[in-house]
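Visitor: Questions regarding the structure given below will be posed in turn.
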Amino acid sequence: MSRFLMSAWPFPGHVYPQIAVAQALRDAGHEVAFFTGPAMRDTIEGEGFELHPFRTIGEPWAPIHRMERRLPSRPGLLRTETTALRRWLLHSIPAQVADLEPVIDDWRPDVIVSEPALLGPVVILGEKLELPVALQATFLGPLIPGPDAPPLFGFGLRPPRTRAGRALGGAARKALDLLSAGFRRRIDRLRAEHGLGPLGCTVNEHTARMPLYLVGSVPELDYGRADLPPTVHYVGRCTWQAPSDPATSAWLDRLPTGRRWVHVTEGTSAMGEPYLLRAAVETLAGLDVEVVMTTGRRGRQVELGSLPANVHVTEFVRHDDLLPRCAAMVAGGGAGAVIAGLSAGVPMAIAPVNWDQPDNARRVAEAGAGLSLNASRITPARLRAAVRLLLDDPRYAAAARRLSRQLAAAGGPRRAAELLARLAVTGGPVHETREDRLLAHVEEVG
């Protein structure tokens with residue numbers, strides 16, 4: 001059996017998918033430990049895993065989170081904070097390496113499973129220590145650039161479909177490469193300090209060299225890309241959830257069931273102005289539905305005013321307890337909520353703000369399973385029309401159910417664990433085999 005060290009920034013959307021895969025690895029007889037921030041200690045140790053916490057990394061993401069709390073949530077807010085992002089992702093690499101090296105020396109993993117944004121293992125330690133590094137994506141597709149991918153990440157752009165579009169996309173990628181030249185030079189200096197040569201490409205291009213890249217999604221939600229290396233594997237939904245809370249389950253059971261349910265959420269980690277929750281209170285009050293709204297970590301800090309009789313609010317409820325009862329979903333568009341909704345076959349209206357949300361909204365809309373709304377132009381009339389369309393047009397629910405079948409057929413954590421075990425044995429690239437493709441087809445049809 002093998003040893004796997006899961007490495008991630010200490011956020012639920014980053015660590016929870018790794019916990020799901022770690023449980024599958026443990027079920028198969030492997031040993032698993034985690035390297036992340038101490039804020040995740042209770043969750044990780046509560047699931048029976050050993051935690052090696054950050055020691056010197058600190059909280060380099062704190063300026064971004066302070067900004068999220070201070071300013072209203074509006075599209076494009078975080079995309080302008082390149083300096084803060086650079087300090088977080090790039091300047092923390094020396095501390096990442098300093099914290100990880102003694103853990104690796106002491107615990108002796110056979111494989112590091114890292115999220116792509118934790119760059120220490122990706123650009124330094126894997127090569128320096130000759131240790132296989134597998135990537136587990138936190139987004140619905142890999143950030144590997146290519147002609148079939150949207151030209152820029154985070155803007156909700158379509159991938160190019162024509163020759164002219166591909167040319168424009170290529171030009172946009174080249175311009176972005178020029179703008180990120182300073183980022184690459186800093187990484188090359190860090191690599192030189194550890195006896196490594198220049199990266200020779202962008203970080204996202206470098207991730208295509210990893211021996212295994214796990215994506216918790218399906219090809220249809222990644223535009224059916226044909227430009228990716230065979231080490232990229234779509235493994236469907238990989239999500240850990242806390243056990244059901246009896247009080248919350250009882251609360252759900254008391255809600256009226258005579259009308260269709262619509263779930264509204266901005267995500268458990270939302271911190272800015274609750275623009276979508278407030279719009280939904282006014283919007284959905286007059287519809288013949290029951291609205292189940294979650295406020296996330298902000299909890300009682302969210303002021304929603306007087307609530308109509310058909311709007312029911314709680315801080316948190318497990319997706320698997322709620323979504324199978326829902327006919328539609330209104331969301332901010334975080335990857336976890338999107339995959340949970342589609343796994344349950346629920347069509348959704350997404351009003352994206354930042355990070356990967358615009359891209360997720362585009363992917364869902366392109367797949368026909370929902371609608372992408374402009375968050376800065378949300379009005380009660382527009383949101384009401386979107387929800388009515390999801391409820392009344394059966395094509396959206398049919399597309400969501402199709403994606404649900406695909407996500408289930410992809411294998412989830414068990415499949416991810418099988419691929420990681422293969423990497424631990426061979427130490428080299430893990431390619432998709434013909435048998436893998438046939439099995440996935442049989443499971444989807446079945």
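Residue numbers start at 1 in each chain; chains themselves are named A, B, ... in the order of the structure tokens; ligands are numbered from 1 in the order shown.
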Where does DSSP see helix (DSSP H, G or I) in region 334-379 of chain A, if you list the residues as a list in words?
Guide: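 Taking region 334-379 of chain A and keeping helix (DSSP H, G or I) only, one gets Ala335, Gly336, Ala337, Val338, Ile339, Ala340, Gly341, Leu342, Ser343, Gln357, Pro358, Asp359, Asn360, Ala361, Arg362, Arg363, Val364, Ala365, Glu366, Ala375, Ser376 and Arg377 of chain A.
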Visitor: Where does DSSP see strand (DSSP E or B) in region 330-405 of chain A, if you list the residues as JSON, numbers by chain?
Guide: {"A": [330, 331, 348, 349, 350, 370, 371, 372]}
Visitor: May I have the residues from that selection written out with C-alpha atoms, as a compact mmCIF listing (two decimals), in the first residue's frame?
Guide:
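The file below, out18.txt, is the result:
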```txt
# COMPACT_ATOMS: atom_id res chain seq x y z
CA VAL A 330 -30.33 30.01 -7.83
CA ALA A 331 -26.63 30.32 -7.00
CA MET A 348 -29.83 26.45 -12.11
CA ALA A 349 -29.72 30.19 -12.62
CA ILE A 350 -26.24 31.49 -11.81
CA GLY A 370 -29.10 26.56 -16.68
CA LEU A 371 -28.88 30.29 -17.24
CA SER A 372 -26.07 32.76 -16.70
```
Visitor: I'd like the contact shell of Arg325 (chain A) - 10 Å cut-off, only C-alpha atoms, skipping same-chain residues fewer than 3 positions apart - returned as a short mmCIF file (atom, residue, chain, number, x, y, z; two decimals) with N, CA and C atoms, in the first residue's frame.
Guide:
```
data_model
loop_
_atom_site.label_atom_id
_atom_site.label_comp_id
_atom_site.auth_asym_id
_atom_site.auth_seq_id
_atom_site.Cartn_x
_atom_site.Cartn_y
_atom_site.Cartn_z
N LEU A 252 -36.06 20.71 7.59
CA LEU A 252 -36.45 20.49 6.20
C LEU A 252 -37.75 19.69 6.12
N THR A 257 -44.65 20.84 1.36
CA THR A 257 -44.25 20.03 0.21
C THR A 257 -45.25 20.08 -0.93
N ARG A 260 -43.35 23.24 -5.61
CA ARG A 260 -41.96 22.96 -5.96
C ARG A 260 -41.02 23.82 -5.12
N TRP A 261 -39.84 23.24 -4.83
CA TRP A 261 -38.84 23.94 -4.03
C TRP A 261 -37.78 24.55 -4.94
N VAL A 262 -37.34 25.74 -4.55
CA VAL A 262 -36.23 26.42 -5.22
C VAL A 262 -35.18 26.75 -4.17
N HIS A 263 -33.97 26.29 -4.39
CA HIS A 263 -32.88 26.57 -3.44
C HIS A 263 -32.13 27.81 -3.89
N ASP A 320 -26.83 17.14 -0.20
CA ASP A 320 -27.46 15.85 -0.46
C ASP A 320 -28.78 15.69 0.27
N ASP A 321 -28.99 16.45 1.34
CA ASP A 321 -30.27 16.41 2.05
C ASP A 321 -31.31 17.28 1.36
N LEU A 322 -30.86 18.37 0.75
CA LEU A 322 -31.79 19.35 0.20
C LEU A 322 -32.04 19.20 -1.29
N ALA A 328 -35.36 23.63 -8.88
CA ALA A 328 -34.46 24.61 -9.48
C ALA A 328 -33.57 25.17 -8.39
N ALA A 344 -27.52 16.28 -8.63
CA ALA A 344 -28.90 16.00 -8.25
C ALA A 344 -29.86 16.22 -9.42
N VAL A 346 -30.55 19.10 -10.96
CA VAL A 346 -31.31 20.34 -10.73
C VAL A 346 -30.79 21.44 -11.67
#
```
Visitor: Would you kindly return, as an mmCIF file with N, CA and C atoms, in the first residue's frame, each protein, DNA or RNA residue with an atom no farther than 8 Å from any atom of region 165-181 of chain A, considering only C-alpha atoms and excluding same-chain residues fewer than 3 positions away?
Guide:
```
data_model
loop_
_atom_site.group_PDB
_atom_site.id
_atom_site.type_symbol
_atom_site.label_atom_id
_atom_site.label_comp_id
_atom_site.auth_asym_id
_atom_site.auth_seq_id
_atom_site.Cartn_x
_atom_site.Cartn_y
_atom_site.Cartn_z
ATOM 1 N N PRO A 147 -6.056 25.625 -27.602
ATOM 2 C CA PRO A 147 -6.981 26.195 -28.588
ATOM 3 C C PRO A 147 -8.447 25.920 -28.310
ATOM 4 N N PRO A 150 -11.287 28.612 -23.277
ATOM 5 C CA PRO A 150 -11.491 30.061 -23.306
ATOM 6 C C PRO A 150 -10.149 30.771 -23.198
ATOM 7 N N PRO A 151 -9.974 31.889 -23.894
ATOM 8 C CA PRO A 151 -8.657 32.529 -23.929
ATOM 9 C C PRO A 151 -8.200 33.105 -22.600
ATOM 10 N N LEU A 152 -9.144 33.504 -21.728
ATOM 11 C CA LEU A 152 -8.801 34.091 -20.441
ATOM 12 C C LEU A 152 -9.656 33.453 -19.362
ATOM 13 N N PRO A 160 -13.077 29.587 -28.286
ATOM 14 C CA PRO A 160 -13.200 29.967 -29.695
ATOM 15 C C PRO A 160 -13.723 28.808 -30.535
ATOM 16 N N ARG A 161 -14.623 29.115 -31.478
ATOM 17 C CA ARG A 161 -15.227 28.083 -32.318
ATOM 18 C C ARG A 161 -14.815 28.201 -33.782
ATOM 19 N N THR A 162 -14.296 29.351 -34.180
ATOM 20 C CA THR A 162 -13.942 29.580 -35.575
ATOM 21 C C THR A 162 -12.438 29.808 -35.694
ATOM 22 N N ARG A 184 6.880 34.682 -13.883
ATOM 23 C CA ARG A 184 7.718 33.538 -14.257
ATOM 24 C C ARG A 184 9.176 33.756 -13.867
ATOM 25 N N ARG A 185 9.654 34.999 -14.023
ATOM 26 C CA ARG A 185 11.047 35.265 -13.642
ATOM 27 C C ARG A 185 11.255 35.011 -12.160
ATOM 28 N N THR A 202 4.683 29.056 -18.925
ATOM 29 C CA THR A 202 3.854 29.571 -17.838
ATOM 30 C C THR A 202 3.571 28.448 -16.834
#
```
Visitor: Which residues come within 12 Å of Ala375 (chain A), counting only C-alpha atoms, excluding same-chain residues fewer than 4 positions away, as a ChimeraX atom specification?
Guide: /A:72-76,266,273-277,279,330-333,349-354,357-358,361,371,379-380,382-383
Visitor: Keeping N, CA and C atoms for every residue in the selection just given, could you write it to a file as a PDB file, in the first residue's frame?
Guide:
```pdb
ATOM      1  N   PRO A  72     -18.876  45.745  -1.491  1.00  0.00           N
ATOM      2  CA  PRO A  72     -19.991  44.969  -2.041  1.00  0.00           C
ATOM      3  C   PRO A  72     -19.483  43.957  -3.065  1.00  0.00           C
ATOM      4  N   SER A  73     -20.168  42.831  -3.134  1.00  0.00           N
ATOM      5  CA  SER A  73     -19.807  41.817  -4.119  1.00  0.00           C
ATOM      6  C   SER A  73     -20.313  42.257  -5.480  1.00  0.00           C
ATOM      7  N   ARG A  74     -19.404  42.483  -6.395  1.00  0.00           N
ATOM      8  CA  ARG A  74     -19.776  42.863  -7.745  1.00  0.00           C
ATOM      9  C   ARG A  74     -18.781  42.247  -8.725  1.00  0.00           C
ATOM     10  N   PRO A  75     -19.213  41.964  -9.940  1.00  0.00           N
ATOM     11  CA  PRO A  75     -18.320  41.320 -10.902  1.00  0.00           C
ATOM     12  C   PRO A  75     -17.038  42.114 -11.119  1.00  0.00           C
ATOM     13  N   GLY A  76     -15.942  41.381 -11.267  1.00  0.00           N
ATOM     14  CA  GLY A  76     -14.668  41.997 -11.581  1.00  0.00           C
ATOM     15  C   GLY A  76     -13.900  42.524 -10.396  1.00  0.00           C
ATOM     16  N   GLU A 266     -25.553  31.707  -2.058  1.00  0.00           N
ATOM     17  CA  GLU A 266     -24.364  32.351  -2.617  1.00  0.00           C
ATOM     18  C   GLU A 266     -23.106  31.558  -2.270  1.00  0.00           C
ATOM     19  N   GLU A 273     -21.517  41.611   0.272  1.00  0.00           N
ATOM     20  CA  GLU A 273     -22.927  41.997   0.315  1.00  0.00           C
ATOM     21  C   GLU A 273     -23.798  40.880  -0.260  1.00  0.00           C
ATOM     22  N   PRO A 274     -24.850  40.455   0.431  1.00  0.00           N
ATOM     23  CA  PRO A 274     -25.690  39.346  -0.056  1.00  0.00           C
ATOM     24  C   PRO A 274     -26.647  39.797  -1.153  1.00  0.00           C
ATOM     25  N   TYR A 275     -26.092  40.220  -2.266  1.00  0.00           N
ATOM     26  CA  TYR A 275     -26.884  40.790  -3.360  1.00  0.00           C
ATOM     27  C   TYR A 275     -27.911  39.806  -3.889  1.00  0.00           C
ATOM     28  N   LEU A 276     -27.524  38.524  -4.008  1.00  0.00           N
ATOM     29  CA  LEU A 276     -28.411  37.543  -4.610  1.00  0.00           C
ATOM     30  C   LEU A 276     -29.515  37.125  -3.647  1.00  0.00           C
ATOM     31  N   LEU A 277     -29.175  36.967  -2.371  1.00  0.00           N
ATOM     32  CA  LEU A 277     -30.180  36.596  -1.385  1.00  0.00           C
ATOM     33  C   LEU A 277     -31.258  37.668  -1.282  1.00  0.00           C
ATOM     34  N   ALA A 279     -32.095  39.925  -3.524  1.00  0.00           N
ATOM     35  CA  ALA A 279     -32.898  39.970  -4.742  1.00  0.00           C
ATOM     36  C   ALA A 279     -33.902  38.825  -4.773  1.00  0.00           C
ATOM     37  N   VAL A 330     -30.896  28.703  -7.517  1.00  0.00           N
ATOM     38  CA  VAL A 330     -30.332  30.012  -7.827  1.00  0.00           C
ATOM     39  C   VAL A 330     -29.048  30.127  -7.017  1.00  0.00           C
ATOM     40  N   ALA A 331     -27.916  30.397  -7.693  1.00  0.00           N
ATOM     41  CA  ALA A 331     -26.635  30.317  -7.002  1.00  0.00           C
ATOM     42  C   ALA A 331     -25.664  31.358  -7.523  1.00  0.00           C
ATOM     43  N   GLY A 332     -24.614  31.588  -6.697  1.00  0.00           N
ATOM     44  CA  GLY A 332     -23.537  32.463  -7.114  1.00  0.00           C
ATOM     45  C   GLY A 332     -22.591  31.797  -8.086  1.00  0.00           C
ATOM     46  N   GLY A 333     -22.512  30.477  -8.050  1.00  0.00           N
ATOM     47  CA  GLY A 333     -21.746  29.767  -9.059  1.00  0.00           C
ATOM     48  C   GLY A 333     -20.445  29.157  -8.613  1.00  0.00           C
ATOM     49  N   ALA A 349     -30.010  28.830 -12.161  1.00  0.00           N
ATOM     50  CA  ALA A 349     -29.718  30.190 -12.616  1.00  0.00           C
ATOM     51  C   ALA A 349     -28.537  30.677 -11.803  1.00  0.00           C
ATOM     52  N   ILE A 350     -27.475  31.105 -12.488  1.00  0.00           N
ATOM     53  CA  ILE A 350     -26.239  31.490 -11.811  1.00  0.00           C
ATOM     54  C   ILE A 350     -25.977  32.969 -12.058  1.00  0.00           C
ATOM     55  N   ALA A 351     -25.765  33.704 -10.974  1.00  0.00           N
ATOM     56  CA  ALA A 351     -25.403  35.120 -11.044  1.00  0.00           C
ATOM     57  C   ALA A 351     -23.978  35.256 -10.518  1.00  0.00           C
ATOM     58  N   PRO A 352     -22.974  35.087 -11.367  1.00  0.00           N
ATOM     59  CA  PRO A 352     -21.579  35.020 -10.907  1.00  0.00           C
ATOM     60  C   PRO A 352     -21.008  36.381 -10.548  1.00  0.00           C
ATOM     61  N   VAL A 353     -20.025  36.351  -9.626  1.00  0.00           N
ATOM     62  CA  VAL A 353     -19.374  37.578  -9.191  1.00  0.00           C
ATOM     63  C   VAL A 353     -17.885  37.520  -9.501  1.00  0.00           C
ATOM     64  N   ASN A 354     -17.157  36.597  -8.882  1.00  0.00           N
ATOM     65  CA  ASN A 354     -15.699  36.585  -8.989  1.00  0.00           C
ATOM     66  C   ASN A 354     -15.145  35.170  -9.041  1.00  0.00           C
ATOM     67  N   GLN A 357     -16.521  31.777 -10.742  1.00  0.00           N
ATOM     68  CA  GLN A 357     -17.966  31.781 -10.925  1.00  0.00           C
ATOM     69  C   GLN A 357     -18.409  32.142 -12.350  1.00  0.00           C
ATOM     70  N   PRO A 358     -17.856  33.204 -12.987  1.00  0.00           N
ATOM     71  CA  PRO A 358     -18.285  33.485 -14.362  1.00  0.00           C
ATOM     72  C   PRO A 358     -18.036  32.325 -15.317  1.00  0.00           C
ATOM     73  N   ALA A 361     -20.661  29.584 -14.641  1.00  0.00           N
ATOM     74  CA  ALA A 361     -21.957  29.950 -15.206  1.00  0.00           C
ATOM     75  C   ALA A 361     -21.982  29.709 -16.705  1.00  0.00           C
ATOM     76  N   LEU A 371     -28.974  28.944 -16.685  1.00  0.00           N
ATOM     77  CA  LEU A 371     -28.884  30.288 -17.238  1.00  0.00           C
ATOM     78  C   LEU A 371     -27.792  31.059 -16.530  1.00  0.00           C
ATOM     79  N   THR A 379     -32.354  42.191 -11.264  1.00  0.00           N
ATOM     80  CA  THR A 379     -33.581  42.859 -10.828  1.00  0.00           C
ATOM     81  C   THR A 379     -34.602  41.788 -10.494  1.00  0.00           C
ATOM     82  N   PRO A 380     -35.603  42.117  -9.683  1.00  0.00           N
ATOM     83  CA  PRO A 380     -36.631  41.108  -9.392  1.00  0.00           C
ATOM     84  C   PRO A 380     -37.277  40.541 -10.644  1.00  0.00           C
ATOM     85  N   ARG A 382     -36.003  40.214 -13.717  1.00  0.00           N
ATOM     86  CA  ARG A 382     -35.109  39.320 -14.443  1.00  0.00           C
ATOM     87  C   ARG A 382     -34.913  37.995 -13.727  1.00  0.00           C
ATOM     88  N   LEU A 383     -34.757  38.036 -12.427  1.00  0.00           N
ATOM     89  CA  LEU A 383     -34.567  36.798 -11.679  1.00  0.00           C
ATOM     90  C   LEU A 383     -35.838  35.965 -11.691  1.00  0.00           C
TER      91      LEU A 383
END
```
Visitor: Excluding same-chain residues fewer than 3 positions from Val111 (chain A), what lies within 7 Å of it counting only C-alpha atoms, as a PyMOL selection string?
Guide: chain A and resi 3-5+131-133+424
Visitor: Include N, CA, C and O atoms and write out the residues we just selected as a compact mmCIF listing (two decimals), in the first residue's frame.
Guide:
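Now in again_23.txt:
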```txt
# COMPACT_ATOMS: atom_id res chain seq x y z
N ARG A 3 1.47 5.76 0.42
CA ARG A 3 1.19 6.92 1.27
C ARG A 3 0.96 8.16 0.40
O ARG A 3 1.74 8.43 -0.53
N PHE A 4 -0.10 8.92 0.73
CA PHE A 4 -0.47 10.09 -0.04
C PHE A 4 -0.59 11.29 0.89
O PHE A 4 -1.27 11.22 1.93
N LEU A 5 0.06 12.39 0.51
CA LEU A 5 -0.02 13.64 1.27
C LEU A 5 -0.87 14.63 0.49
O LEU A 5 -0.49 15.07 -0.60
N LEU A 131 9.66 13.39 -6.56
CA LEU A 131 8.46 12.84 -5.93
C LEU A 131 7.26 13.14 -6.82
O LEU A 131 7.05 14.30 -7.19
N PRO A 132 6.47 12.13 -7.20
CA PRO A 132 5.32 12.39 -8.07
C PRO A 132 4.33 13.37 -7.42
O PRO A 132 3.98 13.22 -6.25
N VAL A 133 3.91 14.37 -8.19
CA VAL A 133 2.90 15.32 -7.74
C VAL A 133 1.69 15.20 -8.65
O VAL A 133 1.79 15.41 -9.87
N ALA A 424 1.19 5.94 -7.80
CA ALA A 424 2.11 5.55 -6.74
C ALA A 424 2.95 4.33 -7.13
O ALA A 424 4.11 4.20 -6.74
```
Visitor: Rank nothing, just name the residue among A:Ala335, A:Val430, A:Asp27, A:Ala98 nearest to His14 (chain A), using only C-alpha atoms.
Guide: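 Ranked by minimum distance to His14 (chain A), first place goes to A:Ala335.
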Visitor: Give me the residues within 10 Å of region 53-61 of chain A as a PyMOL selection string, counting only C-alpha atoms and dropping any in the same chain fewer than 2 places off.
Guide: chain A and resi 7+9-10+34-41+50-51+63-66+84-100+103
Visitor: Considering only C-alpha atoms, state which residue in the set A:Arg363, A:His52, A:Arg191, A:His30 is at the smallest distance from Pro159 (chain A).
Guide: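 Checking each of A:Arg363, A:His52, A:Arg191, A:His30 against Pro159 (chain A), counting only C-alpha atoms, the winner is A:Arg363.
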Visitor: Pick out the closest residue to Gly236 (chain A) from this set: A:Gly195, A:Gly48, A:Gly120, A:Gly412. Count only C-alpha atoms.
Guide: A:Gly412
Visitor: What separation in Å, quoted to one decimal, exists between CA of Ala192 (chain A) and CA of Pro429 (chain A)?
Guide: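 Atom-to-atom, CA of Ala192 (chain A) and CA of Pro429 (chain A) are spaced 25.1 Å apart.
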Visitor: Which residue gives the smallest distance to Ala417 (chain A) among A:Leu25, A:Leu342, A:Ala327, A:Ala8, with only C-alpha atoms counted?
Guide: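 Answer, going by the shortest atom-to-atom distance: A:Leu25.
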Visitor: Distance CA of Arg237 (chain A)-CA of Ser217 (chain A), one decimal place?
Guide: 6.1 Å
Visitor: Using Å and a single decimal, report how far CA of Glu205 (chain A) sits from CA of Asp359 (chain A).
Guide: 19.0 Å
